[in-house]
>>> print(open('data.cif').read())   # mmCIF, C-alpha atoms
data_start
#
loop_
_atom_site.group_PDB
_atom_site.id
_atom_site.type_symbol
_atom_site.label_atom_id
_atom_site.label_comp_id
_atom_site.auth_asym_id
_atom_site.auth_seq_id
_atom_site.Cartn_x
_atom_site.Cartn_y
_atom_site.Cartn_z
ATOM 1 C CA MET P 1 19.251 -22.923 40.259
ATOM 2 C CA GLN P 2 16.178 -21.073 39.046
ATOM 3 C CA HIS P 3 17.824 -17.762 39.967
ATOM 4 C CA LEU P 4 20.552 -18.446 37.389
ATOM 5 C CA PHE P 5 18.046 -18.135 34.531
ATOM 6 C CA ILE P 6 17.060 -14.712 33.260
ATOM 7 C CA GLN P 7 13.314 -14.422 32.776
ATOM 8 C CA LEU P 8 11.716 -12.150 30.175
ATOM 9 C CA ASP P 9 10.292 -9.951 32.919
ATOM 10 C CA ASP P 10 13.794 -9.465 34.352
ATOM 11 C CA LEU P 11 14.816 -7.403 31.322
ATOM 12 C CA SER P 12 14.371 -3.646 31.292
ATOM 13 C CA ASP P 13 11.893 -2.006 28.919
ATOM 14 C CA GLU P 14 14.768 -0.603 26.866
ATOM 15 C CA ILE P 15 16.369 -4.033 26.362
ATOM 16 C CA LEU P 16 13.024 -5.658 25.581
ATOM 17 C CA ILE P 17 12.196 -3.030 22.976
ATOM 18 C CA HIS P 18 15.661 -3.389 21.438
ATOM 19 C CA ILE P 19 15.132 -7.155 21.110
ATOM 20 C CA LEU P 20 11.578 -6.882 19.787
ATOM 21 C CA LYS P 21 12.626 -4.367 17.138
ATOM 22 C CA LYS P 22 14.570 -7.212 15.503
ATOM 23 C CA LEU P 23 11.237 -8.917 14.737
ATOM 24 C CA TYR P 24 8.467 -7.952 12.343
ATOM 25 C CA ASN P 25 5.805 -5.817 14.000
ATOM 26 C CA VAL P 26 3.095 -8.281 13.022
ATOM 27 C CA GLU P 27 4.981 -11.025 14.912
ATOM 28 C CA VAL P 28 5.394 -8.863 18.001
ATOM 29 C CA LEU P 29 1.718 -7.901 18.135
ATOM 30 C CA TYR P 30 0.404 -11.396 17.470
ATOM 31 C CA SER P 31 2.700 -13.078 19.996
ATOM 32 C CA LEU P 32 2.712 -10.607 22.882
ATOM 33 C CA MET P 33 -0.459 -8.520 22.871
ATOM 34 C CA GLY P 34 -2.550 -9.494 25.872
ATOM 35 C CA VAL P 35 0.115 -11.700 27.500
ATOM 36 C CA ASN P 36 0.433 -9.423 30.530
ATOM 37 C CA GLN P 37 0.013 -5.774 31.433
ATOM 38 C CA ARG P 38 3.668 -4.840 30.971
ATOM 39 C CA LEU P 39 4.127 -6.499 27.569
ATOM 40 C CA ASN P 40 0.794 -5.109 26.450
ATOM 41 C CA ARG P 41 1.977 -1.593 27.274
ATOM 42 C CA ILE P 42 5.236 -2.114 25.389
ATOM 43 C CA VAL P 43 3.722 -3.555 22.204
ATOM 44 C CA HIS P 44 1.190 -0.711 22.056
ATOM 45 C CA ASP P 45 4.090 1.689 21.547
ATOM 46 C CA THR P 46 4.138 3.449 18.166
ATOM 47 C CA ILE P 47 7.394 1.619 17.370
ATOM 48 C CA PHE P 48 5.304 -1.506 16.816
ATOM 49 C CA THR P 49 1.927 -0.052 15.816
ATOM 50 C CA ARG P 50 2.688 2.873 13.483
ATOM 51 C CA ASP P 51 3.723 0.841 10.406
ATOM 52 C CA LEU P 52 2.223 -2.594 9.774
ATOM 53 C CA CYS P 53 3.024 -5.014 6.976
ATOM 54 C CA LEU P 54 0.167 -7.513 7.166
ATOM 55 C CA LEU P 55 1.892 -10.036 4.935
ATOM 56 C CA GLU P 56 3.858 -13.105 5.861
ATOM 57 C CA CYS P 57 7.449 -12.719 4.677
ATOM 58 C CA LEU P 58 8.901 -15.891 3.185
ATOM 59 C CA PRO P 59 12.407 -17.182 4.009
ATOM 60 C CA ASP P 60 14.003 -15.574 0.952
ATOM 61 C CA ASN P 61 12.997 -12.123 2.334
ATOM 62 C CA LYS P 62 12.039 -11.086 -1.201
ATOM 63 C CA THR P 63 8.526 -12.486 -1.511
ATOM 64 C CA SER P 64 5.491 -12.604 0.720
ATOM 65 C CA SER P 65 2.235 -14.456 1.131
ATOM 66 C CA PRO P 66 -1.108 -13.788 2.873
ATOM 67 C CA LEU P 67 -1.292 -14.177 6.628
ATOM 68 C CA SER P 68 -2.652 -17.529 7.736
ATOM 69 C CA ASP P 69 -6.350 -17.596 8.646
ATOM 70 C CA PRO P 70 -5.814 -17.912 12.438
ATOM 71 C CA ILE P 71 -3.426 -14.952 12.475
ATOM 72 C CA LEU P 72 -5.694 -12.860 10.251
ATOM 73 C CA ASP P 73 -8.751 -13.722 12.369
ATOM 74 C CA ARG P 74 -7.033 -12.530 15.553
ATOM 75 C CA PHE P 75 -5.785 -9.342 13.950
ATOM 76 C CA CYS P 76 -9.208 -8.405 12.591
ATOM 77 C CA SER P 77 -11.188 -9.319 15.711
ATOM 78 C CA LYS P 78 -8.828 -8.260 18.494
ATOM 79 C CA ILE P 79 -5.566 -6.545 17.582
ATOM 80 C CA LEU P 80 -6.546 -3.999 14.924
ATOM 81 C CA PRO P 81 -9.561 -2.654 16.877
ATOM 82 C CA GLU P 82 -7.165 -1.882 19.757
ATOM 83 C CA ILE P 83 -4.445 -0.164 17.733
ATOM 84 C CA GLY P 84 -6.271 1.166 14.659
ATOM 85 C CA HIS P 85 -5.980 4.762 15.862
ATOM 86 C CA ARG P 86 -2.177 4.422 16.057
ATOM 87 C CA ILE P 87 -1.602 3.049 12.543
ATOM 88 C CA LYS P 88 -0.196 5.424 9.925
ATOM 89 C CA THR P 89 1.032 2.935 7.304
ATOM 90 C CA LEU P 90 -0.457 -0.347 6.071
ATOM 91 C CA TYR P 91 0.990 -2.854 3.605
ATOM 92 C CA LEU P 92 -1.762 -5.191 2.399
ATOM 93 C CA GLU P 93 -2.306 -7.928 -0.166
ATOM 94 C CA ARG P 94 -5.285 -8.673 -2.369
ATOM 95 C CA THR P 95 -7.028 -11.508 -0.471
ATOM 96 C CA SER P 96 -7.240 -9.772 2.903
ATOM 97 C CA MET P 97 -7.077 -6.041 2.225
ATOM 98 C CA GLU P 98 -10.826 -5.325 2.278
ATOM 99 C CA ARG P 99 -11.317 -7.337 5.456
ATOM 100 C CA ILE P 100 -8.446 -5.559 7.190
ATOM 101 C CA LEU P 101 -9.537 -2.080 6.092
ATOM 102 C CA SER P 102 -13.070 -2.835 7.301
ATOM 103 C CA ALA P 103 -11.969 -4.298 10.652
ATOM 104 C CA THR P 104 -11.818 -0.963 12.487
ATOM 105 C CA ASN P 105 -11.374 2.781 12.080
ATOM 106 C CA TYR P 106 -7.987 4.138 11.021
ATOM 107 C CA PRO P 107 -8.216 7.891 11.718
ATOM 108 C CA ASN P 108 -4.466 8.451 11.255
ATOM 109 C CA LEU P 109 -3.839 6.148 8.288
ATOM 110 C CA ASN P 110 -2.210 8.091 5.459
ATOM 111 C CA ASN P 111 0.178 5.660 3.741
ATOM 112 C CA LEU P 112 -1.283 2.638 1.950
ATOM 113 C CA SER P 113 0.379 -0.121 -0.078
ATOM 114 C CA LEU P 114 -1.817 -2.568 -2.003
ATOM 115 C CA CYS P 115 0.284 -5.443 -3.312
ATOM 116 C CA HIS P 116 -0.591 -7.815 -6.159
ATOM 117 C CA ILE P 117 -4.272 -6.952 -6.363
ATOM 118 C CA ASP P 118 -6.616 -7.982 -9.188
ATOM 119 C CA SER P 119 -7.811 -5.366 -11.652
ATOM 120 C CA GLU P 120 -11.455 -6.349 -11.083
ATOM 121 C CA VAL P 121 -11.052 -5.785 -7.345
ATOM 122 C CA ALA P 122 -9.405 -2.415 -7.978
ATOM 123 C CA MET P 123 -12.188 -1.337 -10.340
ATOM 124 C CA SER P 124 -14.742 -2.077 -7.614
ATOM 125 C CA LEU P 125 -12.660 -0.663 -4.774
ATOM 126 C CA PHE P 126 -12.121 2.672 -6.518
ATOM 127 C CA ASP P 127 -15.539 3.233 -8.075
ATOM 128 C CA GLY P 128 -16.503 5.883 -5.531
ATOM 129 C CA LYS P 129 -19.365 3.826 -4.074
ATOM 130 C CA HIS P 130 -17.372 1.382 -1.963
ATOM 131 C CA SER P 131 -17.761 1.484 1.827
ATOM 132 C CA LEU P 132 -14.042 2.288 2.153
ATOM 133 C CA THR P 133 -14.202 5.352 -0.076
ATOM 134 C CA HIS P 134 -14.197 7.674 2.950
ATOM 135 C CA ILE P 135 -10.658 6.510 3.795
ATOM 136 C CA PHE P 136 -9.455 7.103 0.242
ATOM 137 C CA ASN P 137 -11.199 10.477 -0.021
ATOM 138 C CA ASN P 138 -9.915 12.175 3.078
ATOM 139 C CA GLN P 139 -6.854 10.432 4.478
ATOM 140 C CA ILE P 140 -4.464 8.736 2.095
ATOM 141 C CA SER P 141 -1.546 10.938 1.036
ATOM 142 C CA SER P 142 0.710 8.148 -0.286
ATOM 143 C CA LEU P 143 -0.420 5.134 -2.329
ATOM 144 C CA PHE P 144 1.554 2.214 -3.752
ATOM 145 C CA ILE P 145 -0.361 -0.226 -5.942
ATOM 146 C CA SER P 146 0.748 -3.257 -7.946
ATOM 147 C CA PHE P 147 -1.315 -5.790 -9.862
ATOM 148 C CA ASN P 148 -1.529 -9.544 -9.989
ATOM 149 C CA ASP P 149 -3.349 -10.156 -13.282
ATOM 150 C CA VAL P 150 -2.162 -13.095 -15.357
ATOM 151 C CA LYS P 151 -0.621 -11.806 -18.544
ATOM 152 C CA ASP P 152 -2.120 -13.143 -21.760
ATOM 153 C CA SER P 153 -2.463 -11.990 -25.346
ATOM 154 C CA LEU P 154 -4.782 -9.145 -24.326
ATOM 155 C CA PRO P 155 -2.907 -6.056 -23.088
ATOM 156 C CA MET P 156 -4.185 -4.731 -19.757
ATOM 157 C CA ARG P 157 -3.140 -1.143 -20.389
ATOM 158 C CA THR P 158 -6.675 0.154 -21.068
ATOM 159 C CA ILE P 159 -7.999 -1.287 -17.796
ATOM 160 C CA TYR P 160 -5.014 -0.069 -15.798
ATOM 161 C CA SER P 161 -5.382 3.379 -17.364
ATOM 162 C CA ILE P 162 -8.986 3.536 -16.150
ATOM 163 C CA ILE P 163 -7.920 2.432 -12.659
ATOM 164 C CA PHE P 164 -5.213 5.123 -12.663
ATOM 165 C CA ALA P 165 -7.836 7.769 -13.458
ATOM 166 C CA LYS P 166 -10.209 6.407 -10.789
ATOM 167 C CA ILE P 167 -7.475 6.678 -8.171
ATOM 168 C CA LEU P 168 -6.848 10.324 -8.981
ATOM 169 C CA THR P 169 -10.587 10.984 -8.788
ATOM 170 C CA ILE P 170 -11.308 9.493 -5.344
ATOM 171 C CA PHE P 171 -7.969 10.019 -3.547
ATOM 172 C CA THR P 172 -8.527 13.722 -3.036
ATOM 173 C CA THR P 173 -5.518 14.281 -0.739
ATOM 174 C CA LEU P 174 -3.015 12.136 -2.638
ATOM 175 C CA GLY P 175 0.515 13.534 -2.662
ATOM 176 C CA CYS P 176 2.506 10.487 -3.827
ATOM 177 C CA LEU P 177 1.393 7.745 -6.229
ATOM 178 C CA LYS P 178 3.523 4.743 -7.176
ATOM 179 C CA PHE P 179 1.442 2.969 -9.799
ATOM 180 C CA ASN P 180 2.242 -0.605 -10.856
ATOM 181 C CA PRO P 181 6.048 -0.318 -10.817
ATOM 182 C CA SER P 182 6.524 -3.752 -12.413
ATOM 183 C CA SER P 183 4.484 -2.791 -15.470
ATOM 184 C CA SER P 184 5.479 -3.604 -19.036
ATOM 185 C CA HIS P 185 4.480 -2.300 -22.465
ATOM 186 C CA CYS P 186 1.297 -4.408 -22.253
ATOM 187 C CA ASP P 187 0.061 -2.870 -19.008
ATOM 188 C CA ALA P 188 1.477 0.652 -19.049
ATOM 189 C CA VAL P 189 -0.824 3.659 -18.750
ATOM 190 C CA LEU P 190 -2.285 5.238 -21.897
ATOM 191 C CA PHE P 191 -2.768 8.885 -20.992
ATOM 192 C CA TYR P 192 -4.452 9.792 -24.267
ATOM 193 C CA LEU P 193 -7.391 7.598 -23.187
ATOM 194 C CA ILE P 194 -7.905 9.432 -19.883
ATOM 195 C CA ARG P 195 -6.970 13.024 -20.652
ATOM 196 C CA ASP P 196 -10.207 14.398 -19.221
ATOM 197 C CA THR P 197 -10.101 12.452 -15.932
ATOM 198 C CA ALA P 198 -6.415 11.952 -15.032
ATOM 199 C CA ILE P 199 -6.065 15.281 -13.230
ATOM 200 C CA SER P 200 -4.798 16.131 -9.740
ATOM 201 C CA SER P 201 -4.078 19.394 -7.957
ATOM 202 C CA THR P 202 -2.479 17.667 -4.939
ATOM 203 C CA LEU P 203 -0.048 15.173 -6.503
ATOM 204 C CA LEU P 204 3.577 15.992 -5.691
ATOM 205 C CA GLU P 205 5.292 12.723 -6.682
ATOM 206 C CA LEU P 206 4.400 10.225 -9.411
ATOM 207 C CA HIS P 207 5.943 6.902 -10.445
ATOM 208 C CA VAL P 208 4.338 5.397 -13.559
ATOM 209 C CA GLY P 209 5.038 3.491 -16.774
ATOM 210 C CA VAL P 210 3.614 4.818 -20.047
ATOM 211 C CA VAL P 211 3.328 3.375 -23.539
ATOM 212 C CA GLU P 212 4.938 6.127 -25.559
ATOM 213 C CA MET P 213 6.396 9.631 -25.586
ATOM 214 C CA ARG P 214 3.118 11.500 -26.026
ATOM 215 C CA ASP P 215 1.868 10.032 -22.753
ATOM 216 C CA ARG P 216 4.852 11.562 -20.996
ATOM 217 C CA LEU P 217 4.057 14.943 -22.529
ATOM 218 C CA ASP P 218 0.454 14.611 -21.344
ATOM 219 C CA ILE P 219 1.714 14.233 -17.784
ATOM 220 C CA LEU P 220 3.584 17.528 -18.128
ATOM 221 C CA ASP P 221 0.790 19.511 -19.797
ATOM 222 C CA GLY P 222 -0.395 21.102 -16.537
ATOM 223 C CA ARG P 223 -2.901 18.514 -15.332
ATOM 224 C CA PHE P 224 -0.596 17.856 -12.358
ATOM 225 C CA ASP P 225 0.191 21.438 -11.534
ATOM 226 C CA GLN P 226 1.804 20.694 -8.163
ATOM 227 C CA LEU P 227 4.028 17.835 -9.388
ATOM 228 C CA ARG P 228 7.610 18.074 -8.119
ATOM 229 C CA ILE P 229 9.015 14.554 -8.596
ATOM 230 C CA LEU P 230 8.357 12.362 -11.651
ATOM 231 C CA TYR P 231 9.673 8.871 -12.348
ATOM 232 C CA VAL P 232 8.336 7.705 -15.706
ATOM 233 C CA THR P 233 9.249 4.714 -17.864
ATOM 234 C CA VAL P 234 8.527 5.127 -21.589
ATOM 235 C CA TYR P 235 8.231 1.763 -23.335
ATOM 236 C CA GLY P 236 8.290 2.918 -26.945
ATOM 237 C CA ILE P 237 6.731 4.994 -29.685
ATOM 238 C CA LEU P 238 3.596 3.649 -31.301
ATOM 239 C CA PRO P 239 3.542 4.403 -35.057
ATOM 240 C CA TRP P 240 -0.039 5.671 -35.025
ATOM 241 C CA LEU P 241 0.734 8.049 -32.143
ATOM 242 C CA SER P 242 4.218 9.139 -33.119
ATOM 243 C CA GLU P 243 3.387 12.652 -34.328
ATOM 244 C CA ILE P 244 3.745 15.278 -31.648
ATOM 245 C CA ASP P 245 1.925 18.571 -32.053
ATOM 246 C CA THR P 246 4.129 21.644 -31.889
#
>>> encode(input="data.cif", output="structure tokens")
Amino acid sequence: MQHLFIQLDDLSDEILIHILKKLYNVEVLYSLMGVNQRLNRIVHDTIFTRDLCLLECLPDNKTSSPLSDPILDRFCSKILPEIGHRIKTLYLERTSMERILSATNYPNLNNLSLCHIDSEVAMSLFDGKHSLTHIFNNQISSLFISFNDVKDSLPMRTIYSIIFAKILTIFTTLGCLKFNPSSSHCDAVLFYLIRDTAISSTLLELHVGVVEMRDRLDILDGRFDQLRILYVTVYGILPWLSEIDT
């Protein structure tokens, strides 16, 4: 009777890979890395190691949460040190991102998504003195960042504007920046506050929300001289900034 049951090892590599591609890469790596020599070879393929979303997707497939501590511990101590050189894209969240980025070397990492991070963490992370600055300086060509600050009566736009300028200062090879896409009028970027520092000669694509029309004109004044694609949301015209020089 036992010969009537198909075992996992009976399947060809092609069929196994086809099945495993239906799962999240983080699930494949956590469940199968180290099980046996054959599975270890398969899960080390770039199909499963090139792009990693180190978040736990919830049943609605629209939201996510941090990885559980046991899963995160294994990734940082065992899995990431083995595959760090293969990773090109990382999707991280605020509570684990520094630990994951510090777990090993990522010589080929060039796409980074930081989801729902705190502004205080971002201010520290992008101050140019952080131990991870070498990754930001020399490798990252595409950055997505969104924030998790609780909205109150105090607009966050000044702080986010400073963070925006810090990013352009330390990400010296940045080609694409998607900055806080869920922003509102209270946390949009004020370009008039950062005219002297929000400059980039490498940026090709920018997604950003701004407070008013003059901010949009500041983007197009030559400070981003290589810019080819611009997605900008203008939230209004402030009365004290409404005059536009001609």
>>> residues_around(input="data.cif", residues="range 89-95 of chain P", least_positions_apart="3", cutoff="8 Å", atoms="only C-alpha atoms", output="NGL selection string")
:P and (50-55 or 66 or 98 or 109-118)
>>> write_last_selection(input="data.cif", atoms="C-alpha atoms", output="CSV table (one decimal), keeping the file's coordinate frame")
chain,number,residue,atom,x,y,z
P,50,ARG,CA,2.7,2.9,13.5
P,51,ASP,CA,3.7,0.8,10.4
P,52,LEU,CA,2.2,-2.6,9.8
P,53,CYS,CA,3.0,-5.0,7.0
P,54,LEU,CA,0.2,-7.5,7.2
P,55,LEU,CA,1.9,-10.0,4.9
P,66,PRO,CA,-1.1,-13.8,2.9
P,98,GLU,CA,-10.8,-5.3,2.3
P,109,LEU,CA,-3.8,6.1,8.3
P,110,ASN,CA,-2.2,8.1,5.5
P,111,ASN,CA,0.2,5.7,3.7
P,112,LEU,CA,-1.3,2.6,2.0
P,113,SER,CA,0.4,-0.1,-0.1
P,114,LEU,CA,-1.8,-2.6,-2.0
P,115,CYS,CA,0.3,-5.4,-3.3
P,116,HIS,CA,-0.6,-7.8,-6.2
P,117,ILE,CA,-4.3,-7.0,-6.4
P,118,ASP,CA,-6.6,-8.0,-9.2
>>> residues_around(input="data.cif", residues="Ser102 in chain P", least_positions_apart="5", cutoff="10 Å", atoms="only C-alpha atoms", output="list of chain:residue names")
P:Cys76, P:Met97, P:Ser131, P:Leu132
>>> residues_around(input="data.cif", residues="Leu206 in chain P", least_positions_apart="3", cutoff="9 Å", atoms="only C-alpha atoms", output="list in words")
Gly175, Cys176, Leu177, Lys178, Phe179, Leu203, Leu227, Arg228, Ile229, Leu230, Tyr231 and Val232 of chain P
>>> closest_residue(input="data.cif", among="P:Asn138, P:Asn105, P:Ser68, P:Ser146", to="Thr173 in chain P", atoms="all atoms listed in the file")
P:Asn138
>>> atom_distance(input="data.cif", atom1="CA of Tyr160 in chain P", atom2="CA of Ala188 in chain P")
7.3 Å
>>> residues_around(input="data.cif", residues="Ala198 in chain P", least_positions_apart="2", cutoff="7 Å", atoms="only C-alpha atoms", output="compact mmCIF listing (two decimals) with C-alpha atoms, keeping the file's coordinate frame")
# COMPACT_ATOMS: atom_id res chain seq x y z
CA ALA P 165 -7.84 7.77 -13.46
CA LEU P 168 -6.85 10.32 -8.98
CA ILE P 194 -7.90 9.43 -19.88
CA ARG P 195 -6.97 13.02 -20.65
CA ASP P 196 -10.21 14.40 -19.22
CA SER P 200 -4.80 16.13 -9.74
>>> resolve_selection(input="data.cif", expression="the PyMOL selection byres ((chain P and resi 172) around 9)", output="list in words")
Phe136, Asn137, Asn138, Gln139, Ile140, Ser141, Ile167, Leu168, Thr169, Ile170, Phe171, Thr173, Leu174, Ser200, Ser201 and Thr202 of chain P
>>> write_last_selection(input="data.cif", atoms="C-alpha atoms", output="compact mmCIF listing (two decimals), keeping the file's coordinate frame")
# COMPACT_ATOMS: atom_id res chain seq x y z
CA PHE P 136 -9.46 7.10 0.24
CA ASN P 137 -11.20 10.48 -0.02
CA ASN P 138 -9.91 12.18 3.08
CA GLN P 139 -6.85 10.43 4.48
CA ILE P 140 -4.46 8.74 2.10
CA SER P 141 -1.55 10.94 1.04
CA ILE P 167 -7.48 6.68 -8.17
CA LEU P 168 -6.85 10.32 -8.98
CA THR P 169 -10.59 10.98 -8.79
CA ILE P 170 -11.31 9.49 -5.34
CA PHE P 171 -7.97 10.02 -3.55
CA THR P 173 -5.52 14.28 -0.74
CA LEU P 174 -3.02 12.14 -2.64
CA SER P 200 -4.80 16.13 -9.74
CA SER P 201 -4.08 19.39 -7.96
CA THR P 202 -2.48 17.67 -4.94
>>> closest_residue(input="data.cif", among="P:Gly209, P:Pro107, P:Pro70, P:Pro181", to="Ile145 in chain P", atoms="only C-alpha atoms")
P:Pro181
>>> atom_distance(input="data.cif", atom1="CA of Phe48 in chain P", atom2="CA of Tyr24 in chain P")
8.5 Å
>>> atom_distance(input="data.cif", atom1="CA of Ile42 in chain P", atom2="CA of Leu16 in chain P")
8.6 Å
>>> closest_residue(input="data.cif", among="P:Leu29, P:Leu143, P:Ile163, P:Cys186", to="Phe126 in chain P", atoms="only C-alpha atoms")
P:Ile163
